[in-house]
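Pasted below: query_37.cif, mmCIF, C-alpha atoms and all ligand atoms.
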data_upload
#
loop_
_atom_site.group_PDB
_atom_site.id
_atom_site.type_symbol
_atom_site.label_atom_id
_atom_site.label_comp_id
_atom_site.auth_asym_id
_atom_site.auth_seq_id
_atom_site.Cartn_x
_atom_site.Cartn_y
_atom_site.Cartn_z
ATOM 1 C CA MET A 1 26.405 28.282 -27.304
ATOM 2 C CA THR A 2 24.413 25.100 -27.609
ATOM 3 C CA ASN A 3 20.876 25.544 -28.759
ATOM 4 C CA PHE A 4 18.708 23.286 -26.568
ATOM 5 C CA ASP A 5 16.255 22.775 -29.431
ATOM 6 C CA SER A 6 18.948 21.298 -31.620
ATOM 7 C CA ILE A 7 19.572 18.494 -29.153
ATOM 8 C CA THR A 8 17.386 15.519 -29.909
ATOM 9 C CA GLY A 9 16.785 11.980 -28.794
ATOM 10 C CA PRO A 10 18.005 10.508 -25.526
ATOM 11 C CA ALA A 11 20.422 13.388 -24.925
ATOM 12 C CA ARG A 12 17.570 15.849 -24.847
ATOM 13 C CA GLU A 13 15.654 13.565 -22.554
ATOM 14 C CA LEU A 14 18.640 13.453 -20.233
ATOM 15 C CA LEU A 15 18.974 17.207 -20.156
ATOM 16 C CA ARG A 16 15.315 17.818 -19.596
ATOM 17 C CA ARG A 17 14.592 15.246 -16.921
ATOM 18 C CA ASP A 18 15.704 14.442 -13.412
ATOM 19 C CA THR A 19 18.786 12.584 -14.538
ATOM 20 C CA ALA A 20 20.446 15.847 -15.461
ATOM 21 C CA TRP A 21 19.814 17.239 -12.005
ATOM 22 C CA PRO A 22 20.577 14.432 -9.591
ATOM 23 C CA PHE A 23 21.441 16.923 -6.868
ATOM 24 C CA LEU A 24 17.878 18.261 -6.931
ATOM 25 C CA VAL A 25 16.129 14.914 -6.662
ATOM 26 C CA PRO A 26 16.425 12.997 -3.411
ATOM 27 C CA ARG A 27 17.230 9.357 -4.151
ATOM 28 C CA ARG A 28 14.878 6.954 -2.465
ATOM 29 C CA ARG A 29 16.524 4.854 0.229
ATOM 30 C CA SER A 30 15.947 1.160 -0.309
ATOM 31 C CA PRO A 31 15.091 -1.218 2.502
ATOM 32 C CA ASP A 32 17.789 -3.812 3.111
ATOM 33 C CA VAL A 33 15.954 -7.098 2.588
ATOM 34 C CA SER A 34 19.002 -9.351 2.568
ATOM 35 C CA LYS A 35 17.372 -11.421 5.331
ATOM 36 C CA ASN A 36 14.254 -11.661 3.139
ATOM 37 C CA VAL A 37 12.204 -9.649 5.659
ATOM 38 C CA ILE A 38 10.868 -6.245 4.611
ATOM 39 C CA LEU A 39 8.917 -5.335 7.743
ATOM 40 C CA TYR A 40 10.040 -5.905 11.312
ATOM 41 C CA LEU A 41 7.447 -4.865 13.893
ATOM 42 C CA GLU A 42 8.473 -5.691 17.442
ATOM 43 C CA SER A 43 6.672 -5.213 20.765
ATOM 44 C CA LEU A 44 4.563 -2.331 19.509
ATOM 45 C CA ASN A 45 2.343 -0.622 22.032
ATOM 46 C CA VAL A 46 -0.198 2.092 21.280
ATOM 47 C CA SER A 47 -2.739 3.296 23.801
ATOM 48 C CA PHE A 48 -5.591 5.741 23.524
ATOM 49 C CA ASP A 49 -6.563 7.067 26.945
ATOM 50 C CA GLY A 50 -5.269 3.951 28.637
ATOM 51 C CA PHE A 51 -6.947 1.600 26.141
ATOM 52 C CA LYS A 52 -4.370 -0.624 24.436
ATOM 53 C CA ALA A 53 -5.096 -0.547 20.705
ATOM 54 C CA LEU A 54 -1.786 -2.364 20.060
ATOM 55 C CA ASN A 55 -0.561 -4.589 22.846
ATOM 56 C CA ASP A 56 3.014 -5.816 22.537
ATOM 57 C CA LEU A 57 2.431 -6.642 18.885
ATOM 58 C CA THR A 58 5.220 -8.457 17.038
ATOM 59 C CA LEU A 59 4.903 -9.227 13.349
ATOM 60 C CA TYR A 60 7.308 -9.902 10.479
ATOM 61 C CA VAL A 61 6.500 -9.707 6.797
ATOM 62 C CA ASN A 62 8.709 -11.183 4.084
ATOM 63 C CA ASP A 63 9.766 -9.278 1.000
ATOM 64 C CA GLY A 64 7.342 -9.859 -1.872
ATOM 65 C CA GLU A 65 4.723 -11.482 0.303
ATOM 66 C CA LEU A 66 0.970 -11.088 0.041
ATOM 67 C CA ARG A 67 -0.151 -11.064 3.674
ATOM 68 C CA CYS A 68 -3.727 -10.932 4.870
ATOM 69 C CA LEU A 69 -4.589 -9.342 8.166
ATOM 70 C CA ILE A 70 -7.875 -10.315 9.742
ATOM 71 C CA GLY A 71 -9.484 -9.731 13.111
ATOM 72 C CA ALA A 72 -12.726 -8.554 14.642
ATOM 73 C CA ASN A 73 -13.649 -4.871 14.765
ATOM 74 C CA GLY A 74 -11.362 -3.037 17.162
ATOM 75 C CA ALA A 75 -8.610 -5.675 16.940
ATOM 76 C CA GLY A 76 -6.067 -3.002 15.971
ATOM 77 C CA LYS A 77 -5.717 -3.538 12.210
ATOM 78 C CA THR A 78 -6.129 0.089 11.211
ATOM 79 C CA THR A 79 -3.996 1.270 14.110
ATOM 80 C CA LEU A 80 -1.230 -1.029 12.906
ATOM 81 C CA MET A 81 -1.370 0.517 9.425
ATOM 82 C CA ASP A 82 -1.390 3.962 11.036
ATOM 83 C CA VAL A 83 1.830 3.117 12.892
ATOM 84 C CA ILE A 84 3.573 1.703 9.810
ATOM 85 C CA THR A 85 2.715 4.818 7.785
ATOM 86 C CA GLY A 86 3.681 7.271 10.521
ATOM 87 C CA LYS A 87 0.167 8.545 11.137
ATOM 88 C CA THR A 88 0.030 7.372 14.740
ATOM 89 C CA PRO A 89 3.006 7.443 17.106
ATOM 90 C CA CYS A 90 3.547 4.456 19.363
ATOM 91 C CA ASP A 91 4.353 4.375 23.060
ATOM 92 C CA SER A 92 7.058 1.746 22.725
ATOM 93 C CA GLY A 93 8.402 -0.910 20.401
ATOM 94 C CA SER A 94 10.167 -0.776 17.067
ATOM 95 C CA ALA A 95 9.217 -0.733 13.398
ATOM 96 C CA TRP A 96 11.855 -1.255 10.724
ATOM 97 C CA PHE A 97 11.547 -1.191 6.952
ATOM 98 C CA GLY A 98 14.200 -3.705 5.984
ATOM 99 C CA GLN A 99 17.103 -3.952 8.406
ATOM 100 C CA ASN A 100 18.214 -0.400 7.809
ATOM 101 C CA ILE A 101 15.282 2.030 7.950
ATOM 102 C CA ASP A 102 13.744 2.944 11.292
ATOM 103 C CA LEU A 103 10.164 3.858 10.447
ATOM 104 C CA LEU A 104 9.576 5.420 13.850
ATOM 105 C CA ALA A 105 12.239 8.024 13.033
ATOM 106 C CA HIS A 106 10.307 9.242 9.961
ATOM 107 C CA ASP A 107 7.124 11.232 9.481
ATOM 108 C CA GLU A 108 4.193 10.358 7.244
ATOM 109 C CA ALA A 109 5.471 12.173 4.146
ATOM 110 C CA GLU A 110 8.943 10.663 4.462
ATOM 111 C CA ILE A 111 7.513 7.172 4.859
ATOM 112 C CA ALA A 112 5.489 7.610 1.668
ATOM 113 C CA GLN A 113 8.698 8.703 -0.076
ATOM 114 C CA LEU A 114 10.445 5.577 1.173
ATOM 115 C CA GLY A 115 8.032 3.538 -0.938
ATOM 116 C CA ILE A 116 5.226 2.614 1.430
ATOM 117 C CA GLY A 117 1.863 3.248 -0.217
ATOM 118 C CA ARG A 118 -1.465 3.071 1.517
ATOM 119 C CA LYS A 119 -4.889 2.636 0.083
ATOM 120 C CA PHE A 120 -7.738 3.695 2.299
ATOM 121 C CA GLN A 121 -11.127 2.077 2.123
ATOM 122 C CA LYS A 122 -12.890 4.876 0.270
ATOM 123 C CA PRO A 123 -11.546 5.621 -3.214
ATOM 124 C CA THR A 124 -10.133 9.118 -3.498
ATOM 125 C CA VAL A 125 -9.635 9.543 -7.220
ATOM 126 C CA PHE A 126 -10.019 12.894 -8.976
ATOM 127 C CA GLU A 127 -13.477 12.380 -10.459
ATOM 128 C CA ALA A 128 -13.357 15.292 -12.920
ATOM 129 C CA HIS A 129 -10.120 14.053 -14.500
ATOM 130 C CA THR A 130 -9.511 11.196 -16.895
ATOM 131 C CA VAL A 131 -8.079 7.894 -15.755
ATOM 132 C CA PHE A 132 -4.826 8.751 -17.531
ATOM 133 C CA HIS A 133 -4.587 12.165 -15.907
ATOM 134 C CA ASN A 134 -5.204 10.685 -12.462
ATOM 135 C CA LEU A 135 -2.211 8.414 -12.987
ATOM 136 C CA GLU A 136 -0.171 11.314 -14.352
ATOM 137 C CA LEU A 137 -0.962 13.413 -11.284
ATOM 138 C CA SER A 138 -0.007 10.642 -8.895
ATOM 139 C CA LEU A 139 3.268 10.165 -10.748
ATOM 140 C CA GLN A 140 4.058 13.845 -10.414
ATOM 141 C CA GLY A 141 3.051 13.952 -6.792
ATOM 142 C CA SER A 142 5.639 11.307 -6.030
ATOM 143 C CA LYS A 143 8.562 13.187 -7.563
ATOM 144 C CA GLY A 144 10.825 16.014 -6.538
ATOM 145 C CA VAL A 145 10.095 19.709 -6.928
ATOM 146 C CA TRP A 146 12.047 19.983 -10.154
ATOM 147 C CA SER A 147 10.076 17.210 -11.840
ATOM 148 C CA ALA A 148 6.758 18.642 -10.786
ATOM 149 C CA LEU A 149 7.766 21.895 -12.465
ATOM 150 C CA THR A 150 8.620 20.319 -15.802
ATOM 151 C CA ALA A 151 5.192 19.663 -17.138
ATOM 152 C CA ARG A 152 5.700 17.161 -19.956
ATOM 153 C CA LEU A 153 5.829 13.459 -19.311
ATOM 154 C CA SER A 154 8.982 11.648 -20.265
ATOM 155 C CA ARG A 155 8.909 8.519 -22.367
ATOM 156 C CA SER A 156 9.593 6.352 -19.324
ATOM 157 C CA GLU A 157 6.751 7.986 -17.384
ATOM 158 C CA ARG A 158 4.366 7.422 -20.278
ATOM 159 C CA ASP A 159 5.508 3.795 -20.429
ATOM 160 C CA ARG A 160 4.989 3.446 -16.695
ATOM 161 C CA ILE A 161 1.421 4.770 -16.979
ATOM 162 C CA ASP A 162 0.700 2.330 -19.824
ATOM 163 C CA GLU A 163 2.146 -0.458 -17.742
ATOM 164 C CA VAL A 164 -0.031 0.497 -14.761
ATOM 165 C CA LEU A 165 -3.156 0.797 -16.970
ATOM 166 C CA ASN A 166 -2.415 -2.718 -18.128
ATOM 167 C CA ILE A 167 -1.916 -4.066 -14.597
ATOM 168 C CA ILE A 168 -5.190 -2.573 -13.336
ATOM 169 C CA GLY A 169 -7.092 -3.539 -16.505
ATOM 170 C CA LEU A 170 -8.187 -0.008 -17.415
ATOM 171 C CA GLU A 171 -6.360 0.432 -20.759
ATOM 172 C CA LYS A 172 -9.644 0.881 -22.603
ATOM 173 C CA SER A 173 -10.894 3.435 -20.068
ATOM 174 C CA ARG A 174 -7.816 5.653 -20.150
ATOM 175 C CA TYR A 175 -9.647 8.708 -21.525
ATOM 176 C CA GLN A 176 -12.789 8.157 -19.495
ATOM 177 C CA LEU A 177 -13.513 10.499 -16.595
ATOM 178 C CA ALA A 178 -12.728 8.808 -13.309
ATOM 179 C CA GLY A 179 -16.129 9.926 -12.001
ATOM 180 C CA SER A 180 -17.841 7.706 -14.560
ATOM 181 C CA LEU A 181 -16.060 4.521 -13.494
ATOM 182 C CA SER A 182 -17.774 1.792 -11.495
ATOM 183 C CA HIS A 183 -16.952 1.507 -7.790
ATOM 184 C CA GLY A 184 -14.628 -1.424 -8.485
ATOM 185 C CA GLN A 185 -12.843 0.405 -11.308
ATOM 186 C CA LYS A 186 -12.284 3.410 -9.038
ATOM 187 C CA GLN A 187 -10.679 1.126 -6.477
ATOM 188 C CA TRP A 188 -8.394 -0.311 -9.161
ATOM 189 C CA LEU A 189 -7.517 3.170 -10.395
ATOM 190 C CA GLU A 190 -6.539 4.158 -6.874
ATOM 191 C CA ILE A 191 -4.359 1.065 -6.569
ATOM 192 C CA GLY A 192 -2.865 2.105 -9.912
ATOM 193 C CA MET A 193 -2.153 5.600 -8.586
ATOM 194 C CA LEU A 194 -0.156 4.026 -5.786
ATOM 195 C CA LEU A 195 1.596 1.687 -8.218
ATOM 196 C CA ALA A 196 2.693 4.584 -10.419
ATOM 197 C CA ALA A 197 5.160 5.506 -7.678
ATOM 198 C CA GLU A 198 6.509 1.925 -7.660
ATOM 199 C CA PRO A 199 6.038 1.264 -3.945
ATOM 200 C CA ARG A 200 7.924 -1.547 -2.245
ATOM 201 C CA LEU A 201 5.154 -2.069 0.278
ATOM 202 C CA LEU A 202 1.444 -1.575 -0.309
ATOM 203 C CA LEU A 203 -1.091 -1.457 2.516
ATOM 204 C CA VAL A 204 -4.645 -2.038 1.379
ATOM 205 C CA ASP A 205 -7.612 -1.588 3.719
ATOM 206 C CA GLU A 206 -10.768 -3.547 2.841
ATOM 207 C CA PRO A 207 -10.373 -3.426 -0.943
ATOM 208 C CA VAL A 208 -13.455 -5.436 -1.887
ATOM 209 C CA ALA A 209 -16.047 -3.792 0.368
ATOM 210 C CA GLY A 210 -18.982 -2.821 -1.839
ATOM 211 C CA MET A 211 -17.699 -4.641 -4.925
ATOM 212 C CA THR A 212 -19.687 -7.002 -7.120
ATOM 213 C CA ALA A 213 -18.695 -10.685 -7.145
ATOM 214 C CA GLU A 214 -16.961 -10.226 -10.487
ATOM 215 C CA GLU A 215 -15.070 -7.145 -9.309
ATOM 216 C CA THR A 216 -14.037 -9.017 -6.166
ATOM 217 C CA GLU A 217 -12.631 -11.826 -8.274
ATOM 218 C CA ARG A 218 -10.678 -9.415 -10.463
ATOM 219 C CA THR A 219 -9.332 -7.642 -7.379
ATOM 220 C CA ALA A 220 -8.095 -10.982 -6.076
ATOM 221 C CA GLU A 221 -6.252 -11.515 -9.363
ATOM 222 C CA LEU A 222 -4.850 -7.991 -9.287
ATOM 223 C CA LEU A 223 -3.493 -8.191 -5.741
ATOM 224 C CA THR A 224 -2.101 -11.671 -6.362
ATOM 225 C CA SER A 225 -0.304 -10.419 -9.455
ATOM 226 C CA LEU A 226 1.320 -7.577 -7.484
ATOM 227 C CA ALA A 227 2.962 -9.870 -4.948
ATOM 228 C CA GLY A 228 6.557 -10.707 -5.716
ATOM 229 C CA LYS A 229 7.479 -7.358 -7.192
ATOM 230 C CA HIS A 230 5.718 -5.578 -4.337
ATOM 231 C CA THR A 231 4.964 -6.639 -0.786
ATOM 232 C CA VAL A 232 1.244 -6.361 -0.145
ATOM 233 C CA ILE A 233 -0.602 -6.319 3.188
ATOM 234 C CA VAL A 234 -4.366 -6.598 2.879
ATOM 235 C CA VAL A 235 -6.900 -6.023 5.640
ATOM 236 C CA GLU A 236 -10.186 -7.651 4.714
ATOM 237 C CA HIS A 237 -13.348 -8.961 6.344
ATOM 238 C CA ASP A 238 -14.578 -10.971 3.381
ATOM 239 C CA MET A 239 -13.313 -14.417 4.369
ATOM 240 C CA GLU A 240 -14.021 -15.974 1.006
ATOM 241 C CA PHE A 241 -11.880 -13.286 -0.592
ATOM 242 C CA VAL A 242 -9.110 -13.815 1.961
ATOM 243 C CA ARG A 243 -9.190 -17.532 1.241
ATOM 244 C CA SER A 244 -8.889 -16.844 -2.488
ATOM 245 C CA ILE A 245 -5.727 -14.723 -2.190
ATOM 246 C CA ALA A 246 -4.028 -15.615 1.071
ATOM 247 C CA ARG A 247 -0.736 -17.379 1.459
ATOM 248 C CA THR A 248 -0.182 -16.382 5.072
ATOM 249 C CA VAL A 249 -2.919 -14.977 7.277
ATOM 250 C CA THR A 250 -2.281 -13.094 10.512
ATOM 251 C CA VAL A 251 -5.124 -12.895 13.002
ATOM 252 C CA LEU A 252 -5.135 -9.884 15.322
ATOM 253 C CA HIS A 253 -7.043 -9.868 18.575
ATOM 254 C CA GLN A 254 -7.046 -7.095 21.179
ATOM 255 C CA GLY A 255 -3.937 -5.504 19.698
ATOM 256 C CA SER A 256 -1.812 -8.660 19.532
ATOM 257 C CA VAL A 257 -1.147 -11.455 17.078
ATOM 258 C CA LEU A 258 -3.399 -14.355 18.029
ATOM 259 C CA ALA A 259 -2.459 -16.755 15.245
ATOM 260 C CA GLU A 260 -0.597 -16.903 11.977
ATOM 261 C CA GLY A 261 -0.476 -19.488 9.202
ATOM 262 C CA THR A 262 -2.344 -20.676 6.161
ATOM 263 C CA MET A 263 -6.071 -20.010 5.984
ATOM 264 C CA ASP A 264 -6.737 -23.635 6.924
ATOM 265 C CA GLN A 265 -4.386 -23.440 9.893
ATOM 266 C CA VAL A 266 -5.929 -20.289 11.330
ATOM 267 C CA GLN A 267 -9.485 -21.429 10.651
ATOM 268 C CA ASN A 268 -8.798 -24.614 12.602
ATOM 269 C CA ASN A 269 -6.976 -22.833 15.418
ATOM 270 C CA ARG A 270 -8.988 -23.283 18.605
ATOM 271 C CA GLU A 271 -8.335 -19.786 19.953
ATOM 272 C CA VAL A 272 -9.239 -18.199 16.633
ATOM 273 C CA ILE A 273 -12.474 -20.161 16.486
ATOM 274 C CA GLU A 274 -13.311 -19.002 19.995
ATOM 275 C CA VAL A 275 -12.596 -15.303 19.648
ATOM 276 C CA TYR A 276 -13.187 -14.468 16.031
ATOM 277 C CA LEU A 277 -14.421 -16.979 13.511
ATOM 278 C CA GLY A 278 -16.673 -18.454 16.170
ATOM 279 C CA GLU A 279 -18.545 -15.172 16.285
ATOM 280 C CA GLU A 280 -19.465 -15.475 12.632
ATOM 281 C CA ALA A 281 -20.400 -19.155 12.759
HETATM 282 N N1 LIG A 301 -7.715 7.867 17.592
HETATM 283 C C1 LIG A 301 -8.256 7.012 18.464
HETATM 284 N N2 LIG A 301 -8.662 7.439 19.681
HETATM 285 C C2 LIG A 301 -9.210 6.591 20.564
HETATM 286 N N3 LIG A 301 -9.373 5.277 20.350
HETATM 287 C C3 LIG A 301 -8.989 4.786 19.157
HETATM 288 C C4 LIG A 301 -8.419 5.617 18.148
HETATM 289 N N4 LIG A 301 -8.116 4.859 17.067
HETATM 290 C C5 LIG A 301 -8.505 3.597 17.397
HETATM 291 N N5 LIG A 301 -9.022 3.558 18.640
HETATM 292 C C6 LIG A 301 -9.492 2.351 19.321
HETATM 293 O O1 LIG A 301 -8.489 1.373 19.227
HETATM 294 C C7 LIG A 301 -9.068 0.094 18.981
HETATM 295 C C8 LIG A 301 -8.481 -0.502 17.713
HETATM 296 O O2 LIG A 301 -9.024 0.210 16.608
HETATM 297 P P1 LIG A 301 -8.662 -0.116 15.099
HETATM 298 O O3 LIG A 301 -7.199 -0.174 14.954
HETATM 299 O O4 LIG A 301 -9.388 0.875 14.277
HETATM 300 O O5 LIG A 301 -9.291 -1.573 14.930
HETATM 301 P P2 LIG A 301 -9.665 -2.361 13.593
HETATM 302 O O6 LIG A 301 -9.168 -1.616 12.422
HETATM 303 O O7 LIG A 301 -9.056 -3.703 13.753
HETATM 304 O O8 LIG A 301 -11.171 -2.442 13.599
HETATM 305 C C9 LIG A 301 -10.575 0.284 18.920
HETATM 306 O O9 LIG A 301 -11.113 -0.060 20.168
HETATM 307 C C10 LIG A 301 -10.722 1.764 18.644
HETATM 308 O O10 LIG A 301 -11.904 2.254 19.217
HETATM 309 MG MG MG A 302 -10.162 -0.780 10.761
#

Let me see the file written as C-alpha cells.
Ligand SMILES: Nc1ncnc2c1ncn2[C@@H]1O[C@H](COP(=O)(O)OP(=O)(O)O)[C@@H](O)[C@H]1O
Ligand SMILES: [Mg+2]
Amino acid sequence: MTNFDSITGPARELLRRDTAWPFLVPRRRSPDVSKNVILYLESLNVSFDGFKALNDLTLYVNDGELRCLIGANGAGKTTLMDVITGKTPCDSGSAWFGQNIDLLAHDEAEIAQLGIGRKFQKPTVFEAHTVFHNLELSLQGSKGVWSALTARLSRSERDRIDEVLNIIGLEKSRYQLAGSLSHGQKQWLEIGMLLAAEPRLLLVDEPVAGMTAEETERTAELLTSLAGKHTVIVVEHDMEFVRSIARTVTVLHQGSVLAEGTMDQVQNNREVIEVYLGEEA
C-alpha cells in the first residue's frame, strides 16, 4: 500500500487538494463574454409598495470595464446592486451574466459562487484576526466543503494571498490585526477578501466615504488597476473621485438610466444638470 507521507512534491499536492477530488468541487460556470458584454440588464422593474425603485431600467456593462454609477439619493443604485446579487427579486425584466447565465434564476449564494463579489459600504473585516488570516478565511469561504475541511493552505493559495496583499498594498501589514488598520486600509482589505475568490465582476458601494484624501487617491489607483482582469462597477457620490477613475459613467434617476457617457458628456448633459448635478451646484 502506498504510504501517503512518502509522496512528495506536486504529486502530494495533487492528492491533497481539490484537483484530486474534482467530483466534490463544483466547477464555477463562466459567463460567455464573446460579445464583449458581461452584464445585460434589460427592462428591470422593482417596486416597493407601489413605489418604483427600478423603472424599466436597461443597462449593459462590457467585460473588463470600470463603470461608475451615480445618481441622487433614492435613484435606485443600491436596489440595482441588490437585483444583480440576488438579494432583491424583480417584478419583471431580465438580468444575464454573459450571454449564458440567467441571474434571476439563481439565489444570492449561487450568484456569489458564479464570481460576482459585492463590497458594502461599511467594512466587515474580522478585527481580531490578522490581515493574512482574513484573506485566508475569505479564500476558504469561497471553496467547496472538501477544501474547507483540509486546513492547510496550498502553495497556489499562499501565492494568491501574496498576490492580493500586493494588489491592495498591505504586504507590510500582513501580520497586523485587522482591527488596528486605518479605515482606508480596512476598506482595501475587504476588497482584497473579495479578490481572493477571483471574481469576474465586483460591485463596490461608496468605497471612499470617510477616507482621507491620500486614501481616496490610492483607492482610485487600486480600482483602476483591477479593471481589465475584473469588471468593476462603482457607486460613488464623490464626484472628484468619479472623475479620477471613470471611463464611462451611468447616471440613474428615479430608477432609470438618465444619461451615459464620459464624465464630461454627462456633466454637460442638460437633463443631468437639471435633475442631479444642478442640485449640487
Ligand atoms: N426594502 C425597501 N422597501 C421599501 N422601499 C425601498 C426599499 N429599498 C429601497 N427602497 C426605496 O427605493 C428607492 C431607491 O432606493 P435605493 O436603491 O437605495 O437608492 P440609492 O441607492 O440610489 O440611494 C428609495 O426611494 C428607497 O426609499
Ligand atoms: Mg444607496

Margin query: Give me the residues near A:Leu66 as a PyMOL selection string, where near means some atom within 9 Å (using only C-alpha atoms) and where sequence neighbours in that chain fewer than 6 positions away do not count.
Written below: chain A and resi 223-224+226-228+230-234+245-248

Item checked: Nearest-residue call for ligand MG 302 (chain A), choices A:Asp82, A:Asp159, A:Glu214, A:Asp49, using only C-alpha atoms and all ligand atoms ->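 Smallest distance to ligand MG 302 (chain A) is found for A:Asp82.
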
Margin query: Please return as a ChimeraX atom specification the residues found within 10 Å of ligand MG 302 (chain A), counting all atoms listed in the file.
Written below: /A:70-82,120-121,205-206,235-237

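Minimum atom-to-atom distances from A:Val272, A:Ala95, A:Ser47, A:Leu139 to A:Val257 were compared using all atoms listed in the file, and the lowest value belongs to A:Val272.
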
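Residue nearest A:Lys229, chosen from A:Asp63, A:Glu171, A:Glu136, A:Glu274 and counting all atoms listed in the file: A:Asp63.
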
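When you apply the PyMOL selection byres (((chain A and resi 115) around 7) and not hetatm) to this structure, what comes back is Ile111, Ala112, Gln113, Leu114, Ile116, Gly117, Pro199, Arg200 and Leu201 of chain A.
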
Would you mind exporting C-alpha atoms of the selected residues as a PDB file, in the frame of the given file?
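The resulting again_39.pdb:
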ATOM      1  CA  ILE A 111       7.513   7.172   4.859  1.00  0.00           C
ATOM      2  CA  ALA A 112       5.489   7.610   1.668  1.00  0.00           C
ATOM      3  CA  GLN A 113       8.698   8.703  -0.076  1.00  0.00           C
ATOM      4  CA  LEU A 114      10.445   5.577   1.173  1.00  0.00           C
ATOM      5  CA  ILE A 116       5.226   2.614   1.430  1.00  0.00           C
ATOM      6  CA  GLY A 117       1.863   3.248  -0.217  1.00  0.00           C
ATOM      7  CA  PRO A 199       6.038   1.264  -3.945  1.00  0.00           C
ATOM      8  CA  ARG A 200       7.924  -1.547  -2.245  1.00  0.00           C
ATOM      9  CA  LEU A 201       5.154  -2.069   0.278  1.00  0.00           C
TER      10      LEU A 201
END

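Residue nearest A:Asn55, chosen from A:Gln265, A:Glu108, A:Pro31, A:His253 and counting all atoms listed in the file: A:His253.
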
Checklist line | Residue nearest ligand LIG 301 (chain A) - candidates A:Ser256, A:Ser180, A:Thr58, A:Ile168, atoms counted: all atoms listed in the file | finding: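 Nearest to ligand LIG 301 (chain A): A:Ser256.
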
Item checked: For ligand LIG 301 (chain A), the nearest of the candidates A:Ala53, A:Leu135, A:Leu177, A:Ala220, counting all atoms listed in the file ->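 For ligand LIG 301 (chain A), the nearest of the given residues is A:Ala53.
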
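The environment of A:Leu54 within 6 Å, counting only C-alpha atoms and disregarding residues fewer than 6 places along the same chain, consists of Asn45, Val46, Gly76 and Gly255 of chain A.
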